[in-house]
$ cat my_file-v4.cif   # mmCIF, C-alpha atoms
data_work
loop_
_atom_site.label_atom_id
_atom_site.label_comp_id
_atom_site.auth_asym_id
_atom_site.auth_seq_id
_atom_site.Cartn_x
_atom_site.Cartn_y
_atom_site.Cartn_z
CA MET A 187 300.71 200.83 156.95
CA SER A 188 304.34 200.10 156.03
CA ASP A 189 303.67 201.13 152.42
CA ASP A 190 301.94 204.36 153.45
CA PRO A 191 303.60 207.16 151.43
CA LEU A 192 302.78 209.63 154.19
CA ARG A 193 304.26 207.57 157.04
CA LEU A 194 307.01 209.47 158.86
CA ASP A 195 309.94 207.72 160.54
CA ASP A 196 309.18 209.38 163.89
CA TYR A 197 305.94 207.41 164.13
CA VAL A 198 307.21 203.94 163.22
CA PRO A 199 306.02 201.79 166.14
CA PHE A 200 308.73 201.50 168.80
CA GLY A 201 311.29 202.94 166.41
CA GLN A 202 312.79 205.12 169.15
CA VAL A 203 312.62 202.88 172.22
CA ALA A 204 315.87 203.10 174.18
CA LEU A 205 315.19 202.31 177.86
CA THR A 206 314.25 199.26 179.88
CA ASP A 207 311.00 199.18 181.82
CA GLU A 208 312.93 199.40 185.09
CA GLU A 209 314.55 202.62 183.84
CA ARG A 210 311.17 203.99 182.79
CA TRP A 211 309.33 203.22 186.03
CA PRO A 212 311.87 202.67 188.85
CA GLY A 213 310.40 200.78 191.78
CA LEU A 214 307.09 199.98 190.08
CA SER A 215 305.38 197.20 192.02
CA ALA A 216 304.33 193.87 190.56
CA ALA A 217 300.70 194.93 190.87
CA GLY A 218 301.44 198.17 189.01
CA ARG A 219 303.21 196.31 186.22
CA GLN A 220 300.27 193.96 185.94
CA ARG A 221 297.75 196.79 185.61
CA LEU A 222 299.92 198.47 182.98
CA ALA A 223 300.32 195.24 181.01
CA GLU A 224 296.58 194.61 181.09
CA LEU A 225 295.92 198.05 179.62
CA GLU A 226 298.63 197.75 176.99
CA HIS A 227 297.51 194.30 175.85
CA HIS A 228 293.77 194.76 176.14
CA ARG A 229 291.96 193.29 173.15
CA LEU A 230 290.68 196.77 172.19
CA ALA A 231 293.95 198.62 172.72
CA PRO A 232 295.38 200.58 169.79
CA ALA A 233 298.63 199.62 168.12
CA TRP A 234 300.83 201.60 170.51
CA CYS A 235 303.84 203.17 168.78
CA HIS A 236 305.92 204.29 171.74
CA ARG A 237 306.88 203.61 175.36
CA ALA A 238 307.42 206.41 177.82
CA GLY A 239 307.99 206.59 181.57
CA HIS A 240 308.58 209.15 184.31
CA ARG A 241 312.11 207.78 185.18
CA LEU A 242 311.77 208.89 188.82
CA THR A 243 312.60 206.82 191.89
CA PRO A 244 309.90 206.58 194.58
CA ASP A 245 311.65 209.32 196.62
CA GLN A 246 311.88 211.58 193.56
CA GLN A 247 308.22 210.96 192.79
CA GLN A 248 307.27 211.97 196.31
CA ALA A 249 309.36 215.14 196.07
CA ALA A 250 307.60 216.06 192.80
CA THR A 251 304.22 216.09 194.54
CA HIS A 252 305.33 219.41 196.08
CA LEU A 253 305.55 222.44 193.80
CA LEU A 254 308.70 224.56 193.84
CA PRO A 255 308.67 227.47 196.31
CA LEU A 256 307.98 230.82 194.72
CA ASP A 257 309.74 233.05 197.25
CA ASP A 258 312.45 235.10 195.57
CA TRP A 259 312.70 232.68 192.64
CA LEU A 260 313.16 235.29 189.89
CA PRO A 261 316.52 236.78 191.08
CA ARG A 262 317.95 233.27 191.44
CA HIS A 263 316.62 232.36 188.03
CA LEU A 264 318.29 235.39 186.44
CA ALA A 265 321.55 234.51 188.18
CA LEU A 266 321.42 231.06 186.55
CA ALA A 267 320.52 232.55 183.17
CA ARG A 268 323.61 234.78 183.26
CA THR A 269 325.74 231.64 183.13
CA LEU A 270 324.20 230.43 179.88
CA PRO A 271 326.46 230.29 176.80
CA ALA A 272 323.71 232.13 174.91
CA TYR A 273 324.68 235.37 176.71
CA ARG A 274 328.44 234.88 176.58
CA HIS A 275 328.88 237.61 173.98
CA HIS A 276 326.12 239.90 175.21
CA THR A 277 327.28 243.48 175.59
CA GLY A 278 326.10 245.47 178.56
CA PRO A 279 324.92 244.45 182.01
CA LEU A 280 322.36 241.72 182.77
CA ASP A 281 321.56 242.95 186.27
CA HIS A 282 317.79 243.16 185.93
CA LEU A 283 315.10 241.33 184.00
CA THR A 284 314.70 244.19 181.55
CA ASP A 285 318.42 244.07 180.74
CA PHE A 286 317.97 240.68 179.06
CA PRO A 287 317.29 240.72 175.31
CA LEU A 288 314.09 239.25 173.96
CA ILE A 289 314.53 235.79 172.51
CA GLY A 290 312.30 233.59 170.36
CA ARG A 291 311.92 230.17 168.87
CA GLU A 292 314.42 231.04 166.14
CA ASP A 293 317.12 231.43 168.82
CA LEU A 294 316.39 227.97 170.16
CA ALA A 295 316.33 226.53 166.65
CA GLU A 296 319.73 228.06 165.92
CA ASP A 297 321.48 226.72 169.05
CA ILE A 298 319.28 225.28 171.80
CA ALA A 299 322.34 223.90 173.60
CA ALA A 300 323.37 227.48 174.37
CA PHE A 301 320.32 227.74 176.66
CA VAL A 302 321.20 224.67 178.74
CA PRO A 303 323.08 225.64 181.93
CA PRO A 304 326.73 224.60 182.14
CA GLY A 305 327.14 221.83 184.67
CA ALA A 306 323.58 220.56 184.26
CA ASP A 307 323.22 216.84 184.97
CA LEU A 308 322.60 215.73 181.41
CA SER A 309 322.06 212.13 182.51
CA ARG A 310 318.68 213.18 183.88
CA MET A 311 317.64 215.08 180.76
CA LEU A 312 314.78 213.83 178.59
CA HIS A 313 314.06 215.13 175.13
CA GLY A 314 310.71 215.94 173.65
CA THR A 315 309.77 217.07 170.18
CA SER A 316 307.72 220.22 169.69
CA SER A 317 305.78 220.26 166.43
CA GLY A 318 305.79 224.00 166.71
CA SER A 319 303.24 226.73 166.34
CA THR A 320 305.80 229.15 165.02
CA GLY A 321 307.95 227.20 162.62
CA ALA A 322 310.15 224.15 162.35
CA ALA A 323 310.13 221.36 164.93
CA LEU A 324 312.52 221.51 167.87
CA VAL A 325 313.98 218.84 170.10
CA MET A 326 313.48 220.22 173.61
CA PRO A 327 315.51 219.37 176.73
CA ASP A 328 312.88 218.20 179.20
CA ASP A 329 313.16 217.81 182.96
CA PRO A 330 311.51 214.68 184.43
CA ASP A 331 311.03 216.45 187.77
CA GLU A 332 309.23 219.34 186.06
CA LEU A 333 307.01 216.98 184.08
CA ALA A 334 306.01 215.23 187.30
CA ARG A 335 305.41 218.53 189.12
CA GLY A 336 303.35 219.65 186.14
CA PHE A 337 301.02 216.70 186.62
CA HIS A 338 300.57 217.50 190.30
CA TRP A 339 299.94 221.17 189.48
CA LEU A 340 297.26 219.93 187.10
CA ARG A 341 295.88 217.71 189.82
CA GLY A 342 295.60 220.77 192.06
CA LEU A 343 293.50 222.52 189.40
CA VAL A 344 291.08 219.60 189.17
CA GLY A 345 290.75 219.27 192.93
CA ALA A 346 291.38 216.97 195.87
CA HIS A 347 288.62 214.61 194.73
CA TRP A 348 290.95 213.39 191.97
CA GLU A 349 292.41 210.35 193.71
CA PRO A 350 293.67 207.09 192.16
CA VAL A 351 291.03 204.45 191.39
CA ASN A 352 292.47 201.10 190.31
CA HIS A 353 289.82 200.23 187.74
CA ARG A 354 289.99 203.63 186.01
CA VAL A 355 292.78 205.20 183.93
CA ALA A 356 293.63 208.40 185.79
CA LEU A 357 294.49 210.53 182.77
CA VAL A 358 293.95 210.11 179.05
CA GLN A 359 295.74 212.60 176.81
CA THR A 360 294.13 212.79 173.38
CA VAL A 361 295.08 214.03 169.94
CA PHE A 362 293.26 213.85 166.62
CA GLN A 363 295.73 213.54 163.78
CA ARG A 364 296.83 211.11 161.13
CA GLN A 365 300.02 210.10 162.94
CA ALA A 366 300.93 210.54 166.59
CA PHE A 367 302.91 209.10 169.47
CA THR A 368 300.64 206.82 171.49
CA TYR A 369 301.57 204.94 174.65
CA ALA A 370 300.44 203.79 178.07
CA SER A 371 302.38 204.71 181.19
CA VAL A 372 302.29 205.23 184.96
CA LEU A 373 301.77 208.62 186.59
CA PRO A 374 304.50 209.65 189.07
CA GLY A 375 303.59 209.92 192.74
CA PHE A 376 299.93 209.07 192.20
CA GLY A 377 299.51 205.58 193.60
CA GLU A 378 300.86 203.91 190.44
CA ALA A 379 297.77 205.13 188.59
CA LEU A 380 297.79 204.69 184.81
CA MET A 381 297.70 207.19 181.97
CA ALA A 382 297.50 206.82 178.21
CA ARG A 383 298.08 208.98 175.17
CA LEU A 384 295.52 208.13 172.50
CA ASN A 385 295.02 209.23 168.92
CA LEU A 386 291.26 209.57 168.41
CA HIS A 387 291.52 209.67 164.63
CA PRO A 388 289.55 206.62 163.38
CA ALA A 389 292.40 205.67 161.03
CA ALA A 390 294.61 205.04 164.06
CA TRP A 391 292.42 202.09 165.11
CA SER A 392 292.26 198.83 163.16
CA ALA A 393 288.48 198.65 163.60
CA GLY A 394 287.90 202.40 163.35
CA SER A 395 285.88 204.57 165.70
CA ALA A 396 283.88 201.68 167.16
CA GLN A 397 287.06 200.15 168.63
CA ARG A 398 288.22 203.58 169.80
CA ASP A 399 284.97 204.31 171.57
CA GLU A 400 284.83 200.92 173.27
CA PHE A 401 288.42 201.23 174.48
CA LEU A 402 287.68 204.67 175.91
CA ARG A 403 284.71 203.25 177.75
CA HIS A 404 286.91 200.44 179.07
CA ALA A 405 289.58 202.93 180.23
CA ASP A 406 286.87 205.04 181.92
CA PRO A 407 289.30 207.98 182.31
CA GLN A 408 289.06 210.19 185.35
CA VAL A 409 290.41 213.22 183.46
CA ILE A 410 290.70 213.74 179.71
CA SER A 411 292.97 216.31 178.11
CA GLY A 412 293.53 217.25 174.50
CA THR A 413 293.25 219.84 171.78
CA PRO A 414 289.85 221.26 170.84
CA THR A 415 289.96 219.05 167.75
CA SER A 416 290.26 215.87 169.82
CA LEU A 417 287.92 216.99 172.60
CA GLU A 418 285.21 217.59 170.02
CA VAL A 419 285.17 213.83 169.40
CA LEU A 420 283.91 213.41 172.96
CA LEU A 421 280.63 215.05 171.96
CA GLU A 422 279.64 211.92 170.04
CA PRO A 423 276.59 210.51 171.90
CA VAL A 424 278.08 207.03 172.36
CA LEU A 425 280.87 208.62 174.44
CA ALA A 426 278.97 211.44 176.13
CA GLN A 427 276.42 208.96 177.46
CA THR A 428 279.00 206.68 179.09
CA LEU A 429 282.18 208.56 180.04
CA ARG A 430 282.19 210.38 183.36
CA PRO A 431 285.32 212.52 183.67
CA LEU A 432 286.01 214.69 186.69
CA ALA A 433 287.32 217.38 184.34
CA LEU A 434 288.20 218.06 180.72
CA ILE A 435 291.39 219.95 179.91
CA SER A 436 292.00 221.79 176.66
CA GLY A 437 295.32 223.10 175.40
CA ALA A 438 297.59 223.88 172.45
CA MET A 439 294.88 225.60 170.39
CA THR A 440 292.07 228.09 170.88
CA LEU A 441 289.04 226.67 172.68
CA THR A 442 285.97 228.45 171.32
CA ALA A 443 283.07 229.41 173.56
CA PRO A 444 280.57 227.19 171.67
CA LEU A 445 282.78 224.11 172.09
CA ARG A 446 283.36 224.87 175.77
CA HIS A 447 279.63 225.17 176.36
CA ALA A 448 278.91 221.98 174.43
CA LEU A 449 281.47 220.02 176.47
CA GLN A 450 280.13 221.38 179.73
CA ALA A 451 276.58 220.51 178.73
CA ALA A 452 277.56 216.99 177.68
CA TYR A 453 279.65 216.12 180.73
CA ASP A 454 278.58 218.48 183.51
CA CYS A 455 282.18 218.88 184.66
CA PRO A 456 284.77 221.66 184.70
CA VAL A 457 286.44 222.49 181.39
CA LEU A 458 289.90 223.95 181.97
CA ASP A 459 291.66 225.80 179.16
CA ILE A 460 295.43 225.88 179.65
CA TYR A 461 297.66 228.26 177.77
CA GLY A 462 301.29 227.27 177.41
CA LEU A 463 304.07 226.16 175.08
CA HIS A 464 306.36 223.16 175.18
CA GLU A 465 309.24 225.57 175.71
CA THR A 466 307.63 227.30 178.70
CA ARG A 467 305.24 224.63 179.99
CA PRO A 468 301.90 225.94 181.40
CA ILE A 469 301.62 229.71 181.54
CA ALA A 470 298.02 230.46 182.46
CA VAL A 471 294.60 228.83 182.80
CA SER A 472 290.98 229.84 182.23
CA ASP A 473 288.23 227.85 183.94
CA ASP A 474 285.28 229.87 182.69
CA GLY A 475 286.15 231.23 179.25
CA GLY A 476 287.35 234.50 180.76
CA PRO A 477 290.89 235.82 181.20
CA PHE A 478 293.69 233.29 181.62
CA VAL A 479 295.03 233.55 185.16
CA ILE A 480 298.83 233.29 185.34
CA ALA A 481 299.82 229.93 186.83
CA GLU A 482 301.13 229.91 190.39
CA ARG A 483 304.41 228.42 189.27
CA ARG A 484 307.82 229.86 188.45
CA VAL A 485 306.53 231.87 185.53
CA HIS A 486 306.69 235.61 184.97
CA VAL A 487 304.70 237.23 182.16
CA GLU A 488 305.18 240.52 180.37
CA VAL A 489 303.13 241.91 177.51
CA LEU A 490 305.31 244.00 175.23
CA ALA A 491 303.75 245.77 172.25
CA GLY A 492 300.83 243.39 172.66
CA GLU A 493 302.94 240.22 172.58
CA VAL A 494 303.11 237.73 175.46
CA VAL A 495 306.70 237.37 176.70
CA VAL A 496 307.50 234.71 179.30
CA THR A 497 310.28 234.06 181.80
CA CYS A 498 310.06 230.55 183.23
CA GLY A 499 312.07 228.71 185.85
CA GLU A 500 310.47 225.27 186.22
CA ASN A 501 312.64 223.34 183.73
CA GLN A 502 316.19 223.16 185.06
CA PHE A 503 317.47 222.35 181.58
CA LEU A 504 315.87 225.33 179.82
CA PRO A 505 315.82 228.45 182.06
CA LEU A 506 314.31 230.87 179.57
CA VAL A 507 314.29 234.63 180.10
CA ARG A 508 311.96 236.95 178.15
CA TYR A 509 310.85 234.37 175.60
CA ARG A 510 308.56 235.71 172.88
CA THR A 511 305.55 233.45 172.42
CA GLY A 512 304.21 235.03 169.23
CA ASP A 513 300.79 235.29 170.89
CA CYS A 514 298.98 238.51 171.70
CA ALA A 515 297.00 239.51 174.79
CA ARG A 516 296.38 242.23 177.38
CA LEU A 517 297.76 241.92 180.92
CA VAL A 518 294.95 242.47 183.42
CA THR A 519 293.96 241.59 186.96
CA HIS A 520 291.35 238.85 187.36
CA ARG A 521 290.20 237.51 190.73
CA GLY A 522 293.06 239.37 192.33
CA ARG A 523 295.69 237.66 190.14
CA PRO A 524 297.57 238.77 187.00
CA ALA A 525 295.87 237.38 183.93
CA LEU A 526 295.86 237.49 180.13
CA ALA A 527 292.75 238.85 178.44
CA ASP A 528 291.84 238.74 174.75
CA LEU A 529 294.44 236.04 174.18
CA GLU A 530 295.00 235.46 170.48
CA GLY A 531 296.70 232.08 170.35
CA ARG A 532 296.74 229.12 168.03
CA GLU A 533 293.69 228.40 165.96
CA ALA A 534 292.49 224.82 165.62
CA THR A 535 292.28 225.07 161.84
CA VAL A 536 290.76 222.09 160.03
CA PHE A 537 291.07 221.49 156.28
CA THR A 538 288.66 219.54 154.09
CA ALA A 539 289.88 216.62 152.01
CA ALA A 540 288.34 215.83 148.64
CA THR A 541 286.30 213.11 150.38
CA GLY A 542 284.77 215.71 152.71
CA GLU A 543 286.72 214.39 155.70
CA ALA A 544 288.38 216.70 158.21
CA VAL A 545 292.17 216.99 158.15
CA PRO A 546 293.54 218.80 161.24
CA CYS A 547 296.32 221.29 160.58
CA VAL A 548 298.79 219.28 162.69
CA ASP A 549 298.80 216.65 159.93
CA LEU A 550 299.99 219.31 157.53
CA THR A 551 302.54 220.53 160.07
CA GLN A 552 304.18 217.09 160.23
CA GLN A 553 304.56 216.86 156.46
CA LEU A 554 305.75 220.45 156.05
CA GLN A 555 308.40 219.98 158.72
CA ALA A 556 309.52 216.68 157.19
CA ALA A 557 310.01 218.56 153.91
CA GLY A 558 312.34 221.02 155.63
CA ALA A 559 310.05 224.06 155.69
CA ARG A 560 310.91 226.58 158.41
CA GLY A 561 307.62 228.38 158.19
CA TRP A 562 304.58 228.46 155.98
CA SER A 563 301.16 229.78 155.11
CA VAL A 564 298.50 227.37 153.88
CA GLU A 565 295.06 228.55 152.76
CA GLN A 566 291.96 226.72 151.58
CA ASP A 567 289.19 228.74 149.99
CA ALA A 568 285.47 228.02 150.14
CA ALA A 569 285.67 225.95 146.94
CA GLY A 570 288.34 223.73 148.49
CA HIS A 571 291.30 225.02 146.48
CA ILE A 572 294.57 224.99 148.43
CA SER A 573 297.65 227.16 148.13
CA ALA A 574 300.78 227.15 150.25
CA VAL A 575 303.79 229.39 150.67
CA ILE A 576 306.80 227.80 152.38
CA ALA A 577 309.99 229.35 153.70
CA SER A 578 312.84 227.03 152.70
CA GLY A 579 312.15 223.33 152.26
CA ASP A 580 311.43 221.08 149.29
CA PRO A 581 308.47 222.46 147.30
CA GLN A 582 308.05 219.30 145.22
CA ARG A 583 307.79 217.13 148.32
CA VAL A 584 305.31 219.55 149.88
CA THR A 585 303.23 219.53 146.69
CA GLU A 586 303.16 215.74 146.58
CA THR A 587 302.56 215.00 150.28
CA LEU A 588 299.86 217.64 150.80
CA ALA A 589 298.10 216.45 147.66
CA LEU A 590 298.17 212.88 149.00
CA LEU A 591 296.95 214.02 152.40
CA LEU A 592 294.10 216.14 151.10
CA GLY A 593 293.26 214.40 147.84
CA ARG A 594 293.48 217.74 146.05
CA PRO A 595 296.13 219.52 144.00
CA VAL A 596 298.12 222.06 146.00
CA GLU A 597 299.76 225.16 144.56
CA VAL A 598 303.10 225.65 146.36
CA THR A 599 305.34 228.72 146.29
CA ARG A 600 308.75 228.72 147.96
CA VAL A 601 310.38 231.81 149.48
CA ALA A 602 313.85 232.01 150.99
CA THR A 603 313.18 233.52 154.42
CA LEU A 604 310.54 233.67 157.12
CA ALA A 605 310.36 237.43 156.69
CA GLU A 606 309.00 236.93 153.18
CA LEU A 607 305.92 235.27 154.65
CA GLY A 608 304.91 238.65 156.00
CA PRO A 609 304.32 240.00 159.52
CA GLY A 610 303.04 237.86 162.34
CA LYS A 611 303.68 234.23 163.13
CA PRO A 612 305.68 232.29 160.55
CA ARG A 613 303.14 229.48 160.56
CA ARG A 614 299.60 230.27 159.44
CA TYR A 615 296.60 228.23 158.43
CA SER A 616 293.20 229.25 157.18
CA SER A 617 290.32 227.29 155.74
CA ALA A 618 286.96 228.55 154.56
CA THR A 619 285.49 225.05 154.20
CA SER A 620 283.29 222.98 156.49
CA PRO A 621 284.40 219.33 156.67
CA THR A 622 282.02 216.51 157.52
CA ARG A 623 284.72 214.77 159.59
#
$ encode --input "my_file-v4.cif" --output "structure tokens"
Amino acid sequence: MSDDPLRLDDYVPFGQVALTDEERWPGLSAAGRQRLAELEHHRLAPAWCHRAGHRLTPDQQQAATHLLPLDDWLPRHLALARTLPAYRHHTGPLDHLTDFPLIGREDLAEDIAAFVPPGADLSRMLHGTSSGSTGAALVMPDDPDELARGFHWLRGLVGAHWEPVNHRVALVQTVFQRQAFTYASVLPGFGEALMARLNLHPAAWSAGSAQRDEFLRHADPQVISGTPTSLEVLLEPVLAQTLRPLALISGAMTLTAPLRHALQAAYDCPVLDIYGLHETRPIAVSDDGGPFVIAERRVHVEVLAGEVVVTCGENQFLPLVRYRTGDCARLVTHRGRPALADLEGREATVFTAATGEAVPCVDLTQQLQAAGARGWSVEQDAAGHISAVIASGDPQRVTETLALLLGRPVEVTRVATLAELGPGKPRRYSSATSPTR
């Protein structure tokens, strides 16, 4: 695919590898390395394009199996936030939560370093890229301890019956897009159990969906997570008849009731819908299609003028206060816990190429961001015609790359600011077509 005009540098195989395996998985046993190597080099394995590890010593892994205490965390979190350079020129007191100004993704895009605490141990910081539901991509400061705790929080949702089994991959994270980071790794503090991030798009596999399906059956994942677009692939009979997950986990986009019911019918297992952002990590979870119960983590949620606003204290490198998510909901009580009802989050919009194939909106996101757009609106009408409005960016490049991606001409209009896209989120997709996938 080296001559692929749509190939982005971020997804060149192993183009960003910087660590040794010992730095990725400190203390990994010989048996663990062997299991990982067997998965990576299996005859059906995809062409992995990345390597990623937890970077935690055995003692740090063990510590991450315990969630942070919640007693009196918010006052200490606000005390840390007051030290951030972002508030250096703030006028007025910052004594209470409501004294802090609302912030949003645009503030992080302008100067994310201002939200990293002075004196933070930057040698432990990871960075992750957020494709963004509200605009241009961001490089996020990630905390390896928080990422490990996040897995064990997830494990608590699934239940105590989720224990390592050597011949099964413990967790498979899935996406369905033209280009994606894919890798195999080891889960922290979970008996050296394996995980993998897989792109279920047939084009990501040299032998197409047949190879993909056989590799999934070989991996026999205990838990599968993904977006609704990728989880829908699991409804294919060849997979539904052989995979036996303990749970399915949906995130990043809206999980519709029909898809939830179809997945439950196909697999007879819990389907957990997690609401969160890369910036905030998990915020809330729905296990039945009802309100999203606020996670029992260091997360505090407000709903202001209908918008979800989050204060989160899990990531030591990004202690956000009153972060606007751009999503709308009502704050209610559900099962005795605060919860979000009528959550209007990200739609899993799918476009239709000229061939009739499905093109998930994340594929468009990657190209729009690469062209420098800060926000956009892309619409496809019932006849398949496509129009796009971009804030900033290179309109010629957008015209060319979206036309290549979709096999259709695209009418592109450029505006100077996000405000000119109109009210609401500065990224919007809509499609009135029905792809055949």
$ resolve_selection --input "my_file-v4.cif" --expression "the PyMOL selection byres ((chain A and resi 450) around 12)" --output "number ranges by chain"
A: 417-418, 420-421, 426, 430-435, 443-449, 451-458, 473-475
$ resolve_selection --input "my_file-v4.cif" --expression "the PyMOL selection byres ((chain A and resi 615) around 6)" --output "number ranges by chain"
A: 563-565, 614, 616
$ write_last_selection --input "my_file-v4.cif" --atoms "C-alpha atoms" --output "PDB file, in the frame of the given file"
ATOM      1  CA  SER A 563     301.160 229.780 155.110  1.00  0.00           C
ATOM      2  CA  VAL A 564     298.500 227.370 153.880  1.00  0.00           C
ATOM      3  CA  GLU A 565     295.060 228.550 152.760  1.00  0.00           C
ATOM      4  CA  ARG A 614     299.600 230.270 159.440  1.00  0.00           C
ATOM      5  CA  SER A 616     293.200 229.250 157.180  1.00  0.00           C
TER       6      SER A 616
END
$ residues_around --input "my_file-v4.cif" --residues "stretch 351-367 of chain A" --least-positions-apart "2" --cutoff "8 Å" --atoms "all atoms listed in the file" --output "VMD selection string"
chain A and resid 193 197 234 to 236 349 369 379 to 387 389 to 390 405 to 413 415 to 417 545 to 546 548 to 549
$ residues_around --input "my_file-v4.cif" --residues "stretch 588-594 of chain A" --least-positions-apart "2" --cutoff "10 Å" --atoms "all atoms listed in the file" --output "mmCIF file with C-alpha atoms, keeping the file's coordinate frame"
data_model
loop_
_atom_site.group_PDB
_atom_site.id
_atom_site.type_symbol
_atom_site.label_atom_id
_atom_site.label_comp_id
_atom_site.auth_asym_id
_atom_site.auth_seq_id
_atom_site.Cartn_x
_atom_site.Cartn_y
_atom_site.Cartn_z
ATOM 1 C CA PRO A 191 303.600 207.160 151.430
ATOM 2 C CA LEU A 192 302.780 209.630 154.190
ATOM 3 C CA ARG A 364 296.830 211.110 161.130
ATOM 4 C CA PHE A 537 291.070 221.490 156.280
ATOM 5 C CA THR A 538 288.660 219.540 154.090
ATOM 6 C CA ALA A 539 289.880 216.620 152.010
ATOM 7 C CA ALA A 540 288.340 215.830 148.640
ATOM 8 C CA THR A 541 286.300 213.110 150.380
ATOM 9 C CA GLY A 542 284.770 215.710 152.710
ATOM 10 C CA GLU A 543 286.720 214.390 155.700
ATOM 11 C CA ALA A 544 288.380 216.700 158.210
ATOM 12 C CA VAL A 545 292.170 216.990 158.150
ATOM 13 C CA ASP A 549 298.800 216.650 159.930
ATOM 14 C CA LEU A 550 299.990 219.310 157.530
ATOM 15 C CA GLN A 553 304.560 216.860 156.460
ATOM 16 C CA LEU A 554 305.750 220.450 156.050
ATOM 17 C CA GLY A 570 288.340 223.730 148.490
ATOM 18 C CA HIS A 571 291.300 225.020 146.480
ATOM 19 C CA ILE A 572 294.570 224.990 148.430
ATOM 20 C CA ALA A 574 300.780 227.150 150.250
ATOM 21 C CA ARG A 583 307.790 217.130 148.320
ATOM 22 C CA VAL A 584 305.310 219.550 149.880
ATOM 23 C CA THR A 585 303.230 219.530 146.690
ATOM 24 C CA GLU A 586 303.160 215.740 146.580
ATOM 25 C CA VAL A 596 298.120 222.060 146.000
ATOM 26 C CA GLU A 597 299.760 225.160 144.560
ATOM 27 C CA VAL A 598 303.100 225.650 146.360
#
$ resolve_selection --input "my_file-v4.cif" --expression "the PyMOL selection byres ((chain A and resi 375) around 8)" --output "tab-separated table (two decimals) with C-alpha atoms, in the coordinates of the input"
chain	number	residue	atom	x	y	z
A	244	PRO	CA	309.90	206.58	194.58
A	247	GLN	CA	308.22	210.96	192.79
A	248	GLN	CA	307.27	211.97	196.31
A	250	ALA	CA	307.60	216.06	192.80
A	251	THR	CA	304.22	216.09	194.54
A	334	ALA	CA	306.01	215.23	187.30
A	373	LEU	CA	301.77	208.62	186.59
A	374	PRO	CA	304.50	209.65	189.07
A	376	PHE	CA	299.93	209.07	192.20
A	377	GLY	CA	299.51	205.58	193.60
A	378	GLU	CA	300.86	203.91	190.44
$ closest_residue --input "my_file-v4.cif" --among "A:Met326, A:Ala265, A:Ala217, A:Val471" --to "A:Asp281" --atoms "only C-alpha atoms"
A:Ala265
$ residues_around --input "my_file-v4.cif" --residues "A:Thr466" --least-positions-apart "6" --cutoff "8 Å" --atoms "all atoms listed in the file" --output "short mmCIF file (atom, residue, chain, number, x, y, z; two decimals) with C-alpha atoms, in the frame of the given file"
data_model
loop_
_atom_site.label_atom_id
_atom_site.label_comp_id
_atom_site.auth_asym_id
_atom_site.auth_seq_id
_atom_site.Cartn_x
_atom_site.Cartn_y
_atom_site.Cartn_z
CA VAL A 496 307.50 234.71 179.30
CA THR A 497 310.28 234.06 181.80
CA CYS A 498 310.06 230.55 183.23
CA LEU A 506 314.31 230.87 179.57
#
$ closest_residue --input "my_file-v4.cif" --among "A:Gly561, A:Pro350, A:Pro330, A:Pro505" --to "A:Leu270" --atoms "only C-alpha atoms"
A:Pro505
$ closest_residue --input "my_file-v4.cif" --among "A:Val372, A:Ala300, A:Val536, A:Val489" --to "A:Pro414" --atoms "all atoms listed in the file"
A:Val536
